[in-house]
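Colleague: What follows is work_35.cif, mmCIF, C-alpha atoms; chains and numbers go by the auth columns.
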```
data_run
#
loop_
_atom_site.group_PDB
_atom_site.id
_atom_site.type_symbol
_atom_site.label_atom_id
_atom_site.label_comp_id
_atom_site.label_asym_id
_atom_site.label_seq_id
_atom_site.Cartn_x
_atom_site.Cartn_y
_atom_site.Cartn_z
_atom_site.B_iso_or_equiv
_atom_site.auth_seq_id
_atom_site.auth_asym_id
ATOM 1 C CA MET A 1 0.000 0.000 0.000 0.00 1 V
ATOM 2 C CA SER A 2 1.344 3.429 -0.897 0.00 2 V
ATOM 3 C CA PHE A 3 1.074 6.416 1.422 0.00 3 V
ATOM 4 C CA HIS A 4 1.018 10.124 0.688 0.00 4 V
ATOM 5 C CA GLU A 5 1.677 13.160 2.847 0.00 5 V
ATOM 6 C CA VAL A 6 -1.353 15.362 3.511 0.00 6 V
ATOM 7 C CA ASP A 7 -1.292 18.870 4.983 0.00 7 V
ATOM 8 C CA CYS A 8 -4.157 19.496 7.407 0.00 8 V
ATOM 9 C CA HIS A 9 -5.217 22.791 8.986 0.00 9 V
ATOM 10 C CA TRP A 10 -7.728 22.851 11.847 0.00 10 V
ATOM 11 C CA PHE A 11 -9.710 25.825 13.129 0.00 11 V
ATOM 12 C CA GLU A 12 -12.297 25.499 15.915 0.00 12 V
ATOM 13 C CA VAL A 13 -14.775 27.376 18.095 0.00 13 V
ATOM 14 C CA SER A 14 -12.344 27.560 21.030 0.00 14 V
ATOM 15 C CA GLY A 15 -10.229 30.003 19.015 0.00 15 V
ATOM 16 C CA ALA A 16 -7.127 28.405 20.530 0.00 16 V
ATOM 17 C CA LEU A 17 -5.589 27.058 17.337 0.00 17 V
ATOM 18 C CA THR A 18 -5.408 30.057 15.066 0.00 18 V
ATOM 19 C CA ALA A 19 -2.171 28.700 13.607 0.00 19 V
ATOM 20 C CA PRO A 20 -2.645 25.327 11.918 0.00 20 V
ATOM 21 C CA ILE A 21 -1.375 22.075 13.365 0.00 21 V
ATOM 22 C CA HIS A 22 0.783 20.560 10.645 0.00 22 V
ATOM 23 C CA PRO A 23 0.268 16.828 11.052 0.00 23 V
ATOM 24 C CA ARG A 24 2.136 13.989 9.538 0.00 24 V
ATOM 25 C CA HIS A 25 -0.651 12.204 7.720 0.00 25 V
ATOM 26 C CA ARG A 26 -0.471 8.856 6.023 0.00 26 V
ATOM 27 C CA VAL A 27 -3.245 8.356 3.539 0.00 27 V
ATOM 28 C CA GLY A 28 -4.082 4.962 2.178 0.00 28 V
ATOM 29 C CA LEU A 29 -7.085 2.725 1.804 0.00 29 V
ATOM 30 C CA PRO A 30 -9.142 2.050 3.780 0.00 30 V
ATOM 31 C CA ALA A 31 -8.298 4.622 6.470 0.00 31 V
ATOM 32 C CA LEU A 32 -6.676 7.973 7.127 0.00 32 V
ATOM 33 C CA GLN A 33 -4.130 7.811 9.953 0.00 33 V
ATOM 34 C CA CYS A 34 -3.232 11.134 11.521 0.00 34 V
ATOM 35 C CA GLY A 35 -0.338 11.931 13.806 0.00 35 V
ATOM 36 C CA CYS A 36 -0.539 15.537 14.948 0.00 36 V
ATOM 37 C CA ARG A 37 2.504 17.601 15.803 0.00 37 V
ATOM 38 C CA ALA A 38 2.707 18.322 19.511 0.00 38 V
ATOM 39 C CA PHE A 39 1.799 21.781 20.741 0.00 39 V
ATOM 40 C CA PRO A 40 2.729 23.449 24.076 0.00 40 V
ATOM 41 C CA LEU A 41 0.249 23.884 26.905 0.00 41 V
ATOM 42 C CA ARG A 42 0.765 26.871 29.179 0.00 42 V
ATOM 43 C CA GLN A 43 -1.468 25.491 31.940 0.00 43 V
ATOM 44 C CA PRO A 44 -1.765 21.958 33.360 0.00 44 V
ATOM 45 C CA VAL A 45 -4.670 20.199 31.681 0.00 45 V
ATOM 46 C CA SER A 46 -6.014 16.700 32.205 0.00 46 V
ATOM 47 C CA TRP A 47 -8.787 15.320 30.060 0.00 47 V
ATOM 48 C CA SER A 48 -9.316 11.667 30.837 0.00 48 V
ATOM 49 C CA MET A 49 -11.653 8.815 31.575 0.00 49 V
ATOM 50 C CA GLU A 50 -10.549 5.827 33.589 0.00 50 V
ATOM 51 C CA GLU A 51 -10.247 3.618 30.538 0.00 51 V
ATOM 52 C CA PHE A 52 -9.588 6.320 27.908 0.00 52 V
ATOM 53 C CA PRO A 53 -6.639 8.604 28.773 0.00 53 V
ATOM 54 C CA LEU A 54 -6.635 11.416 26.219 0.00 54 V
ATOM 55 C CA ILE A 55 -4.245 14.171 27.326 0.00 55 V
ATOM 56 C CA ALA A 56 -2.033 14.331 30.389 0.00 56 V
ATOM 57 C CA ALA A 57 0.264 17.333 30.537 0.00 57 V
ATOM 58 C CA ARG A 58 2.469 19.382 32.808 0.00 58 V
ATOM 59 C CA PRO A 59 3.024 23.134 32.262 0.00 59 V
ATOM 60 C CA GLY A 60 5.138 23.694 29.163 0.00 60 V
ATOM 61 C CA ARG A 61 5.307 20.029 28.236 0.00 61 V
ATOM 62 C CA GLN A 62 4.900 19.036 24.612 0.00 62 V
ATOM 63 C CA VAL A 63 1.921 16.724 24.247 0.00 63 V
ATOM 64 C CA SER A 64 0.050 14.987 21.486 0.00 64 V
ATOM 65 C CA ALA A 65 -3.628 14.216 21.167 0.00 65 V
ATOM 66 C CA ALA A 66 -5.395 11.731 18.945 0.00 66 V
ATOM 67 C CA PHE A 67 -8.948 11.778 17.657 0.00 67 V
ATOM 68 C CA GLY A 68 -10.216 8.698 15.848 0.00 68 V
ATOM 69 C CA TYR A 69 -12.734 9.166 13.061 0.00 69 V
ATOM 70 C CA GLY A 70 -14.570 6.338 11.341 0.00 70 V
ATOM 71 C CA GLY A 71 -12.327 3.422 10.546 0.00 71 V
ATOM 72 C CA VAL A 72 -9.206 4.829 12.206 0.00 72 V
ATOM 73 C CA ASP A 73 -10.530 4.709 15.785 0.00 73 V
ATOM 74 C CA GLY A 74 -7.877 3.181 17.993 0.00 74 V
ATOM 75 C CA VAL A 75 -4.956 3.462 15.573 0.00 75 V
ATOM 76 C CA PRO A 76 -1.860 3.890 17.802 0.00 76 V
ATOM 77 C CA ASP A 77 -0.280 6.717 15.836 0.00 77 V
ATOM 78 C CA CYS A 78 0.506 9.343 18.523 0.00 78 V
ATOM 79 C CA ARG A 79 3.398 9.983 20.847 0.00 79 V
ATOM 80 C CA ASP A 80 3.802 10.287 24.626 0.00 80 V
ATOM 81 C CA GLY A 81 1.676 7.223 25.249 0.00 81 V
ATOM 82 C CA VAL A 82 -1.584 8.998 24.479 0.00 82 V
ATOM 83 C CA THR A 83 -4.311 6.537 23.567 0.00 83 V
ATOM 84 C CA PRO A 84 -6.341 7.444 20.467 0.00 84 V
ATOM 85 C CA ILE A 85 -10.082 7.490 21.136 0.00 85 V
ATOM 86 C CA GLY A 86 -13.124 8.046 18.993 0.00 86 V
ATOM 87 C CA ALA A 87 -14.763 11.419 18.604 0.00 87 V
ATOM 88 C CA GLY A 88 -17.997 9.884 19.914 0.00 88 V
ATOM 89 C CA THR A 89 -16.282 8.686 23.095 0.00 89 V
ATOM 90 C CA MET A 90 -14.876 12.144 23.762 0.00 90 V
ATOM 91 C CA ALA A 91 -18.229 13.809 23.077 0.00 91 V
ATOM 92 C CA ARG A 92 -20.006 11.472 25.507 0.00 92 V
ATOM 93 C CA ALA A 93 -17.415 12.123 28.202 0.00 93 V
ATOM 94 C CA VAL A 94 -17.589 15.882 27.808 0.00 94 V
ATOM 95 C CA GLY A 95 -21.391 15.839 27.724 0.00 95 V
ATOM 96 C CA ALA A 96 -21.535 13.821 30.933 0.00 96 V
ATOM 97 C CA ALA A 97 -19.116 16.210 32.610 0.00 97 V
ATOM 98 C CA ARG A 98 -21.186 19.233 31.696 0.00 98 V
ATOM 99 C CA ARG A 99 -24.420 17.652 32.881 0.00 99 V
ATOM 100 C CA SER A 100 -22.866 16.949 36.262 0.00 100 V
ATOM 101 C CA GLY A 101 -21.652 20.513 36.709 0.00 101 V
ATOM 102 C CA GLY A 102 -18.198 20.172 35.238 0.00 102 V
ATOM 103 C CA HIS A 103 -16.667 16.940 36.553 0.00 103 V
ATOM 104 C CA THR A 104 -17.441 13.266 36.108 0.00 104 V
ATOM 105 C CA GLN A 105 -15.356 10.117 35.757 0.00 105 V
ATOM 106 C CA GLY A 106 -12.170 12.170 35.837 0.00 106 V
ATOM 107 C CA VAL A 107 -13.125 14.500 32.979 0.00 107 V
ATOM 108 C CA GLN A 108 -12.407 18.203 33.527 0.00 108 V
ATOM 109 C CA VAL A 109 -14.311 20.647 31.332 0.00 109 V
ATOM 110 C CA MET A 110 -13.000 24.182 30.911 0.00 110 V
ATOM 111 C CA GLU A 111 -15.235 27.150 30.205 0.00 111 V
ATOM 112 C CA MET A 112 -15.275 27.720 26.457 0.00 112 V
ATOM 113 C CA PRO A 113 -13.638 30.974 25.324 0.00 113 V
ATOM 114 C CA LYS A 114 -15.742 33.691 23.748 0.00 114 V
ATOM 115 C CA PRO A 115 -14.807 36.043 20.900 0.00 115 V
ATOM 116 C CA GLY A 116 -13.505 39.425 22.028 0.00 116 V
ATOM 117 C CA PRO A 117 -13.180 42.883 20.469 0.00 117 V
ATOM 118 C CA ALA A 118 -10.249 41.749 18.305 0.00 118 V
ATOM 119 C CA HIS A 119 -12.393 39.015 16.760 0.00 119 V
ATOM 120 C CA GLN A 120 -15.248 41.457 16.215 0.00 120 V
ATOM 121 C CA LYS A 121 -12.859 43.733 14.310 0.00 121 V
ATOM 122 C CA LEU A 122 -12.360 40.922 11.802 0.00 122 V
ATOM 123 C CA GLU A 123 -16.004 41.292 10.807 0.00 123 V
ATOM 124 C CA LEU A 124 -14.915 44.233 8.656 0.00 124 V
ATOM 125 C CA PHE A 125 -13.918 41.576 6.117 0.00 125 V
ATOM 126 C CA ALA A 126 -17.313 39.834 6.133 0.00 126 V
ATOM 127 C CA GLY A 127 -19.713 40.295 3.227 0.00 127 V
ATOM 128 C CA ASP A 128 -20.060 39.919 -0.522 0.00 128 V
ATOM 129 C CA TRP A 129 -17.489 42.079 -2.279 0.00 129 V
ATOM 130 C CA SER A 130 -16.745 42.838 -5.926 0.00 130 V
ATOM 131 C CA GLY A 131 -14.478 45.295 -7.691 0.00 131 V
ATOM 132 C CA GLU A 132 -11.666 45.977 -10.116 0.00 132 V
ATOM 133 C CA GLU A 133 -7.988 45.169 -9.803 0.00 133 V
ATOM 134 C CA LYS A 134 -4.833 46.493 -11.430 0.00 134 V
ATOM 135 C CA MET A 135 -1.886 44.121 -11.866 0.00 135 V
ATOM 136 C CA HIS A 136 1.465 45.858 -12.104 0.00 136 V
ATOM 137 C CA PRO A 137 4.056 44.330 -14.472 0.00 137 V
ATOM 138 C CA SER A 138 6.109 41.640 -12.736 0.00 138 V
ATOM 139 C CA GLU A 139 8.001 38.443 -13.469 0.00 139 V
ATOM 140 C CA TRP A 140 4.698 36.540 -13.105 0.00 140 V
ATOM 141 C CA ASP A 141 2.733 38.969 -15.284 0.00 141 V
ATOM 142 C CA PRO A 142 5.155 40.916 -17.519 0.00 142 V
ATOM 143 C CA GLN A 143 2.417 42.922 -19.220 0.00 143 V
ATOM 144 C CA GLY A 144 0.283 43.640 -16.179 0.00 144 V
ATOM 145 C CA GLY A 145 -3.336 44.516 -16.840 0.00 145 V
ATOM 146 C CA THR A 146 -6.732 44.721 -15.195 0.00 146 V
ATOM 147 C CA ALA A 147 -9.159 42.197 -13.781 0.00 147 V
ATOM 148 C CA THR A 148 -12.441 41.951 -11.930 0.00 148 V
ATOM 149 C CA ALA A 149 -12.696 40.106 -8.637 0.00 149 V
ATOM 150 C CA SER A 150 -15.349 38.898 -6.219 0.00 150 V
ATOM 151 C CA MET A 151 -15.082 37.719 -2.617 0.00 151 V
ATOM 152 C CA ASN A 152 -17.581 36.088 -0.304 0.00 152 V
ATOM 153 C CA SER A 153 -16.452 36.253 3.325 0.00 153 V
ATOM 154 C CA ARG A 154 -18.424 35.059 6.338 0.00 154 V
ATOM 155 C CA VAL A 155 -18.005 34.755 10.096 0.00 155 V
ATOM 156 C CA VAL A 156 -17.472 31.111 11.110 0.00 156 V
ATOM 157 C CA CYS A 157 -16.789 29.022 14.224 0.00 157 V
ATOM 158 C CA ASP A 158 -19.068 31.107 16.466 0.00 158 V
ATOM 159 C CA GLY A 159 -17.292 34.373 15.751 0.00 159 V
ATOM 160 C CA PHE A 160 -13.638 33.345 16.083 0.00 160 V
ATOM 161 C CA TYR A 161 -12.775 33.375 12.373 0.00 161 V
ATOM 162 C CA VAL A 162 -13.728 34.926 9.059 0.00 162 V
ATOM 163 C CA ALA A 163 -13.453 32.580 6.074 0.00 163 V
ATOM 164 C CA GLY A 164 -13.499 33.875 2.521 0.00 164 V
ATOM 165 C CA ASP A 165 -13.536 32.663 -1.062 0.00 165 V
ATOM 166 C CA TYR A 166 -11.943 34.793 -3.771 0.00 166 V
ATOM 167 C CA GLU A 167 -12.236 34.625 -7.552 0.00 167 V
ATOM 168 C CA GLN A 168 -10.409 36.712 -10.163 0.00 168 V
ATOM 169 C CA ARG A 169 -11.555 37.055 -13.782 0.00 169 V
ATOM 170 C CA ARG A 170 -9.737 38.389 -16.829 0.00 170 V
ATOM 171 C CA ASP A 171 -11.343 38.631 -20.273 0.00 171 V
ATOM 172 C CA GLY A 172 -14.414 36.861 -18.909 0.00 172 V
ATOM 173 C CA ALA A 173 -12.555 33.758 -17.689 0.00 173 V
ATOM 174 C CA VAL A 174 -11.627 32.753 -14.137 0.00 174 V
ATOM 175 C CA THR A 175 -7.847 33.028 -13.832 0.00 175 V
ATOM 176 C CA PHE A 176 -7.257 32.657 -10.095 0.00 176 V
ATOM 177 C CA ARG A 177 -9.041 31.395 -6.985 0.00 177 V
ATOM 178 C CA GLY A 178 -8.178 31.681 -3.313 0.00 178 V
ATOM 179 C CA HIS A 179 -9.471 30.777 0.129 0.00 179 V
ATOM 180 C CA SER A 180 -8.666 32.702 3.306 0.00 180 V
ATOM 181 C CA VAL A 181 -9.127 32.167 7.035 0.00 181 V
ATOM 182 C CA LEU A 182 -8.620 35.141 9.363 0.00 182 V
ATOM 183 C CA GLY A 183 -8.258 34.745 13.120 0.00 183 V
ATOM 184 C CA ILE A 184 -6.541 36.140 16.200 0.00 184 V
ATOM 185 C CA ASP A 185 -3.403 34.640 17.765 0.00 185 V
ATOM 186 C CA PRO A 186 -4.373 34.242 21.457 0.00 186 V
ATOM 187 C CA GLN A 187 -0.801 34.870 22.655 0.00 187 V
ATOM 188 C CA SER A 188 0.369 37.790 20.506 0.00 188 V
ATOM 189 C CA GLN A 189 -3.097 39.169 19.681 0.00 189 V
ATOM 190 C CA GLU A 190 -1.933 39.517 16.083 0.00 190 V
ATOM 191 C CA VAL A 191 -4.329 39.060 13.213 0.00 191 V
ATOM 192 C CA VAL A 192 -3.370 35.861 11.391 0.00 192 V
ATOM 193 C CA LEU A 193 -4.355 35.304 7.768 0.00 193 V
ATOM 194 C CA HIS A 194 -4.026 31.800 6.335 0.00 194 V
ATOM 195 C CA TRP A 195 -4.176 31.904 2.542 0.00 195 V
ATOM 196 C CA PHE A 196 -4.674 28.993 0.139 0.00 196 V
ATOM 197 C CA ASP A 197 -4.953 29.430 -3.630 0.00 197 V
ATOM 198 C CA SER A 198 -5.104 27.754 -7.014 0.00 198 V
ATOM 199 C CA MET A 199 -1.331 28.057 -7.457 0.00 199 V
ATOM 200 C CA GLY A 200 -1.135 25.026 -5.163 0.00 200 V
ATOM 201 C CA MET A 201 2.004 26.238 -3.376 0.00 201 V
ATOM 202 C CA GLY A 202 0.776 25.464 0.144 0.00 202 V
ATOM 203 C CA VAL A 203 -0.523 27.736 2.870 0.00 203 V
ATOM 204 C CA ASN A 204 0.777 31.277 3.379 0.00 204 V
ATOM 205 C CA GLU A 205 0.564 32.685 6.913 0.00 205 V
ATOM 206 C CA PHE A 206 0.402 36.478 7.104 0.00 206 V
ATOM 207 C CA ARG A 207 0.517 38.382 10.419 0.00 207 V
ATOM 208 C CA GLY A 208 -0.171 41.969 11.407 0.00 208 V
ATOM 209 C CA LYS A 209 -2.234 44.309 13.581 0.00 209 V
ATOM 210 C CA PHE A 210 -4.966 46.832 12.932 0.00 210 V
ATOM 211 C CA GLN A 211 -4.152 50.518 13.017 0.00 211 V
ATOM 212 C CA GLY A 212 -7.613 52.021 13.163 0.00 212 V
ATOM 213 C CA ASP A 213 -9.469 50.689 10.129 0.00 213 V
ATOM 214 C CA LYS A 214 -6.268 49.768 8.278 0.00 214 V
ATOM 215 C CA ILE A 215 -4.180 46.642 8.534 0.00 215 V
ATOM 216 C CA ALA A 216 -0.984 45.393 6.869 0.00 216 V
ATOM 217 C CA LEU A 217 -0.052 41.715 7.162 0.00 217 V
ATOM 218 C CA SER A 218 3.198 40.149 5.994 0.00 218 V
ATOM 219 C CA PHE A 219 5.053 36.863 5.748 0.00 219 V
ATOM 220 C CA GLN A 220 8.400 35.660 4.443 0.00 220 V
ATOM 221 C CA SER A 221 8.894 33.009 1.782 0.00 221 V
ATOM 222 C CA PRO A 222 11.971 31.835 -0.162 0.00 222 V
ATOM 223 C CA MET A 223 11.084 34.532 -2.723 0.00 223 V
ATOM 224 C CA GLY A 224 11.237 37.324 -0.143 0.00 224 V
ATOM 225 C CA TRP A 225 8.734 39.285 1.928 0.00 225 V
ATOM 226 C CA HIS A 226 5.077 39.528 0.977 0.00 226 V
ATOM 227 C CA ARG A 227 2.713 42.160 2.360 0.00 227 V
ATOM 228 C CA VAL A 228 -1.033 42.628 1.922 0.00 228 V
ATOM 229 C CA SER A 229 -2.744 45.828 3.062 0.00 229 V
ATOM 230 C CA TYR A 230 -6.444 46.510 3.623 0.00 230 V
ATOM 231 C CA ASP A 231 -8.102 49.891 4.164 0.00 231 V
ATOM 232 C CA PHE A 232 -11.715 50.044 5.383 0.00 232 V
ATOM 233 C CA GLY A 233 -11.752 53.818 5.885 0.00 233 V
ATOM 234 C CA GLU A 234 -14.603 54.326 3.401 0.00 234 V
ATOM 235 C CA LYS A 235 -17.992 52.843 4.296 0.00 235 V
ATOM 236 C CA ASN A 236 -18.781 49.594 2.454 0.00 236 V
ATOM 237 C CA ALA A 237 -15.475 49.793 0.591 0.00 237 V
ATOM 238 C CA MET A 238 -12.226 47.849 0.893 0.00 238 V
ATOM 239 C CA ARG A 239 -8.979 49.032 -0.663 0.00 239 V
ATOM 240 C CA PHE A 240 -6.346 46.338 -1.143 0.00 240 V
ATOM 241 C CA ARG A 241 -2.666 46.358 -2.099 0.00 241 V
ATOM 242 C CA MET A 242 -0.137 43.539 -2.383 0.00 242 V
ATOM 243 C CA ASP A 243 3.598 44.322 -2.259 0.00 243 V
ATOM 244 C CA MET A 244 6.837 42.330 -2.340 0.00 244 V
ATOM 245 C CA SER A 245 10.310 43.120 -1.007 0.00 245 V
ATOM 246 C CA ALA A 246 13.693 41.454 -0.708 0.00 246 V
ATOM 247 C CA ASP A 247 14.675 43.335 2.465 0.00 247 V
ATOM 248 C CA GLN A 248 11.473 44.919 3.904 0.00 248 V
ATOM 249 C CA LYS A 249 12.897 48.329 2.995 0.00 249 V
ATOM 250 C CA GLN A 250 12.107 48.736 -0.678 0.00 250 V
ATOM 251 C CA TRP A 251 8.679 47.425 -1.669 0.00 251 V
ATOM 252 C CA LYS A 252 7.281 46.807 -5.143 0.00 252 V
ATOM 253 C CA THR A 253 3.516 46.945 -5.635 0.00 253 V
ATOM 254 C CA MET A 254 2.200 43.876 -7.425 0.00 254 V
ATOM 255 C CA LEU A 255 -1.561 44.389 -7.307 0.00 255 V
ATOM 256 C CA GLU A 256 -4.096 47.012 -6.244 0.00 256 V
ATOM 257 C CA GLY A 257 -7.846 46.657 -5.927 0.00 257 V
ATOM 258 C CA VAL A 258 -10.931 48.531 -4.784 0.00 258 V
ATOM 259 C CA TYR A 259 -13.965 46.469 -3.812 0.00 259 V
ATOM 260 C CA ARG A 260 -17.510 47.427 -2.835 0.00 260 V
ATOM 261 C CA LYS A 261 -19.709 45.495 -0.446 0.00 261 V
ATOM 262 C CA LYS A 262 -23.123 44.451 -1.699 0.00 262 V
ATOM 263 C CA ALA A 263 -26.042 45.762 0.373 0.00 263 V
#
```
In C-alpha cells, how does this file's structure come out?
Modeller:
Amino acid sequence: MSFHEVDCHWFEVSGALTAPIHPRHRVGLPALQCGCRAFPLRQPVSWSMEEFPLIAARPGRQVSAAFGYGGVDGVPDCRDGVTPIGAGTMARAVGAARRSGGHTQGVQVMEMPKPGPAHQKLELFAGDWSGEEKMHPSEWDPQGGTATASMNSRVVCDGFYVAGDYEQRRDGAVTFRGHSVLGIDPQSQEVVLHWFDSMGMGVNEFRGKFQGDKIALSFQSPMGWHRVSYDFGEKNAMRFRMDMSADQKQWKTMLEGVYRKKA
C-alpha cells in the first residue's frame, strides 16, 4: 500500500488554534491515519476517563492528542503514550461532565472561550465584495493589466474566524481562486491570515495588527517578503494592495484593488 503526505489545517470554536497544526498524515485505503505535531500547553490540563486517557500534561510540556474518526478509531499513531479514542467517546465524556456541573469520571471541562473585540474587528472583512484590480508588471505577469474580482467572506466558528472565497476574472474567464481564514493569535493578539490558492504552493501565513481601520499583514517566503494591506476607511469599501520586497525596505507593488460590499 502506498502512502502520501497530507497537509491538514484545523480551526475550531475555542479560538485556541489560530495557527494550523501541521500533522504527519499517512493516507491509504481504507483509512486515514493522523499523527498531529505536539503543541505546548501553558497550563496543566487533564482530560481523561478511567479507561480512555486522552491528554495528560504538565506546564510547558509538549503533548500529542489523537482523535479517531470512522475506521481509524484506535490506531496507535501518537506519541507520549496517548491513547487514540473516537470522537464519539470524547463527546459522551464531555457531555456527561457538563451535565454533572463540570466533573465526572475524571473529565475536567474548561469554560469555552468567547470572541472578544479583536475578533469582532475581523467582521470588517465579512460580506459579498466585488471590484476591479490592477496588476502591475512583474516576473509573473510581464504585461500587467486589469481584472475583476469577487469575494464572499463570512463569520465562522461562532465568531472566532472569518473565512473567505476569492475569484479573479480576466477577459471573462476565471484566472485565479483563493481561500482565506482570518483569526486572532491568542498569545500575541496579532491578526493571522491563512491563505490557500489555485497556485497550489501550500498555505501562506500572514501576520499583522490593525491601526484604526487599516491593517498590513506580511510573511516571508523563499522569494522574499510579501505584504497585503487593507483599508476600510470608506464605508462599504475595501482598498487592497499587495507588495513584495527582498529586504522589507524597498517594496514593489504587485496588485491594487478597490472592492464594494453588496447591500
Colleague: Using only C-alpha atoms, what table do you get, as a tab-separated table, when you list each residue of region 165-200 of chain V with an atom no more than 7 Å from region 207-211 of chain V, its nearest pair of atoms, and their distance in Å rounded to one decimal, rows by chain then rising number?
Modeller:
```
residue	atom	partner	partner_atom	distance
V:Glu190	CA	V:Lys209	CA	5.4
V:Val191	CA	V:Gly208	CA	5.4
V:Val192	CA	V:Arg207	CA	4.7
V:Leu193	CA	V:Arg207	CA	6.3
```
Colleague: Deliver the residues from the most recent selection as a file, using C-alpha atoms, as an mmCIF file, keeping the file's coordinate frame.
Modeller:
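result_16.cif was written with the following content:
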```
data_model
loop_
_atom_site.group_PDB
_atom_site.id
_atom_site.type_symbol
_atom_site.label_atom_id
_atom_site.label_comp_id
_atom_site.auth_asym_id
_atom_site.auth_seq_id
_atom_site.Cartn_x
_atom_site.Cartn_y
_atom_site.Cartn_z
ATOM 1 C CA GLU V 190 -1.933 39.517 16.083
ATOM 2 C CA VAL V 191 -4.329 39.060 13.213
ATOM 3 C CA VAL V 192 -3.370 35.861 11.391
ATOM 4 C CA LEU V 193 -4.355 35.304 7.768
#
```
Colleague: What does the structure give for the distance between CA of His179 (chain V) and CA of Phe196 (chain V), in Å to one decimal?
Modeller: 5.1 Å
Colleague: For region 219-230 of chain V, please output as a count of residues only all residues within 6 Å (counting all atoms listed in the file; exclusion window: fewer than 6 positions along the same chain).
Modeller: 9
Colleague: Show me, as a ChimeraX atom specification, the residues that have an atom within 7 Å of Met135 (chain V) when counting all atoms listed in the file, minus same-chain residues fewer than 2 positions from it.
Modeller: /V:133,137,144-146,254-256
Colleague: Can you measure CA of Asp231 (chain V) to CA of Gln143 (chain V) for me? One decimal in Å is fine.
Modeller: 26.6 Å
Colleague: Edge lengths and centre in Å to one decimal, as JSON, is what I'm after for the box along x, y and z that holds all listed atoms of region 200-212 of chain V once 3 Å is added on each side.
Modeller:
```
{"center_x": -2.8, "center_y": 38.5, "center_z": 4.2, "size_x": 15.6, "size_y": 33.0, "size_z": 24.7}
```
Colleague: How many Å lie between CA of Gly164 (chain V) and CA of Ser180 (chain V), rounded to one decimal?
Modeller: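 Taking CA of Gly164 (chain V) and CA of Ser180 (chain V), their separation equals 5.0 Å.
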Colleague: Find the spatial neighbours of Ser130 (chain V), counting all atoms listed in the file, within a cut-off of 12 Å - ignore same-chain residues fewer than 6 positions away - and output them as a ChimeraX atom specification.
Modeller: /V:147-153,165-169,236-240,257-263
Colleague: Go ahead and save the residues from that selection, with C-alpha atoms, as an mmCIF file, keeping the file's coordinate frame.
Modeller:
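Wrote it out as out.cif, contents follow:
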```
data_model
loop_
_atom_site.group_PDB
_atom_site.id
_atom_site.type_symbol
_atom_site.label_atom_id
_atom_site.label_comp_id
_atom_site.auth_asym_id
_atom_site.auth_seq_id
_atom_site.Cartn_x
_atom_site.Cartn_y
_atom_site.Cartn_z
ATOM 1 C CA ALA V 147 -9.159 42.197 -13.781
ATOM 2 C CA THR V 148 -12.441 41.951 -11.930
ATOM 3 C CA ALA V 149 -12.696 40.106 -8.637
ATOM 4 C CA SER V 150 -15.349 38.898 -6.219
ATOM 5 C CA MET V 151 -15.082 37.719 -2.617
ATOM 6 C CA ASN V 152 -17.581 36.088 -0.304
ATOM 7 C CA SER V 153 -16.452 36.253 3.325
ATOM 8 C CA ASP V 165 -13.536 32.663 -1.062
ATOM 9 C CA TYR V 166 -11.943 34.793 -3.771
ATOM 10 C CA GLU V 167 -12.236 34.625 -7.552
ATOM 11 C CA GLN V 168 -10.409 36.712 -10.163
ATOM 12 C CA ARG V 169 -11.555 37.055 -13.782
ATOM 13 C CA ASN V 236 -18.781 49.594 2.454
ATOM 14 C CA ALA V 237 -15.475 49.793 0.591
ATOM 15 C CA MET V 238 -12.226 47.849 0.893
ATOM 16 C CA ARG V 239 -8.979 49.032 -0.663
ATOM 17 C CA PHE V 240 -6.346 46.338 -1.143
ATOM 18 C CA GLY V 257 -7.846 46.657 -5.927
ATOM 19 C CA VAL V 258 -10.931 48.531 -4.784
ATOM 20 C CA TYR V 259 -13.965 46.469 -3.812
ATOM 21 C CA ARG V 260 -17.510 47.427 -2.835
ATOM 22 C CA LYS V 261 -19.709 45.495 -0.446
ATOM 23 C CA LYS V 262 -23.123 44.451 -1.699
ATOM 24 C CA ALA V 263 -26.042 45.762 0.373
#
```
Colleague: Nearest to Lys252 (chain V): which of V:Arg154, V:His136, V:Lys114, V:Arg170 is it, counting only C-alpha atoms?
Modeller: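 Nearest candidate to Lys252 (chain V) out of V:Arg154, V:His136, V:Lys114, V:Arg170: V:His136.
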Colleague: Just checking: using only C-alpha atoms, which residue out of V:Ala126, V:Glu234, V:Glu111, V:His194 ends up closest to Gly159 (chain V)?
Modeller: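 Ranked by minimum distance to Gly159 (chain V), first place goes to V:Ala126.
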Colleague: Given the file above and the PyMOL selection byres ((chain V and resi 199) around 9), which residues are selected, and can you give them as a list in words?
Modeller: Phe176, Arg177, Gly178, Phe196, Asp197, Ser198, Gly200, Met201 and Gly202 of chain V
Colleague: Go through V:Val162, V:Val181, V:Val155, V:Ala173 and flag the residue nearest Val203 (chain V), using all atoms listed in the file for the distances.
Modeller: V:Val181
Colleague: From the coordinates I just gave you, please extract region 165-176 of chain V so that only C-alpha atoms remain, then output it as an mmCIF file, in the first residue's frame.
Modeller:
```cif
data_model
loop_
_atom_site.group_PDB
_atom_site.id
_atom_site.type_symbol
_atom_site.label_atom_id
_atom_site.label_comp_id
_atom_site.auth_asym_id
_atom_site.auth_seq_id
_atom_site.Cartn_x
_atom_site.Cartn_y
_atom_site.Cartn_z
ATOM 1 C CA ASP V 165 -13.536 32.663 -1.062
ATOM 2 C CA TYR V 166 -11.943 34.793 -3.771
ATOM 3 C CA GLU V 167 -12.236 34.625 -7.552
ATOM 4 C CA GLN V 168 -10.409 36.712 -10.163
ATOM 5 C CA ARG V 169 -11.555 37.055 -13.782
ATOM 6 C CA ARG V 170 -9.737 38.389 -16.829
ATOM 7 C CA ASP V 171 -11.343 38.631 -20.273
ATOM 8 C CA GLY V 172 -14.414 36.861 -18.909
ATOM 9 C CA ALA V 173 -12.555 33.758 -17.689
ATOM 10 C CA VAL V 174 -11.627 32.753 -14.137
ATOM 11 C CA THR V 175 -7.847 33.028 -13.832
ATOM 12 C CA PHE V 176 -7.257 32.657 -10.095
#
```
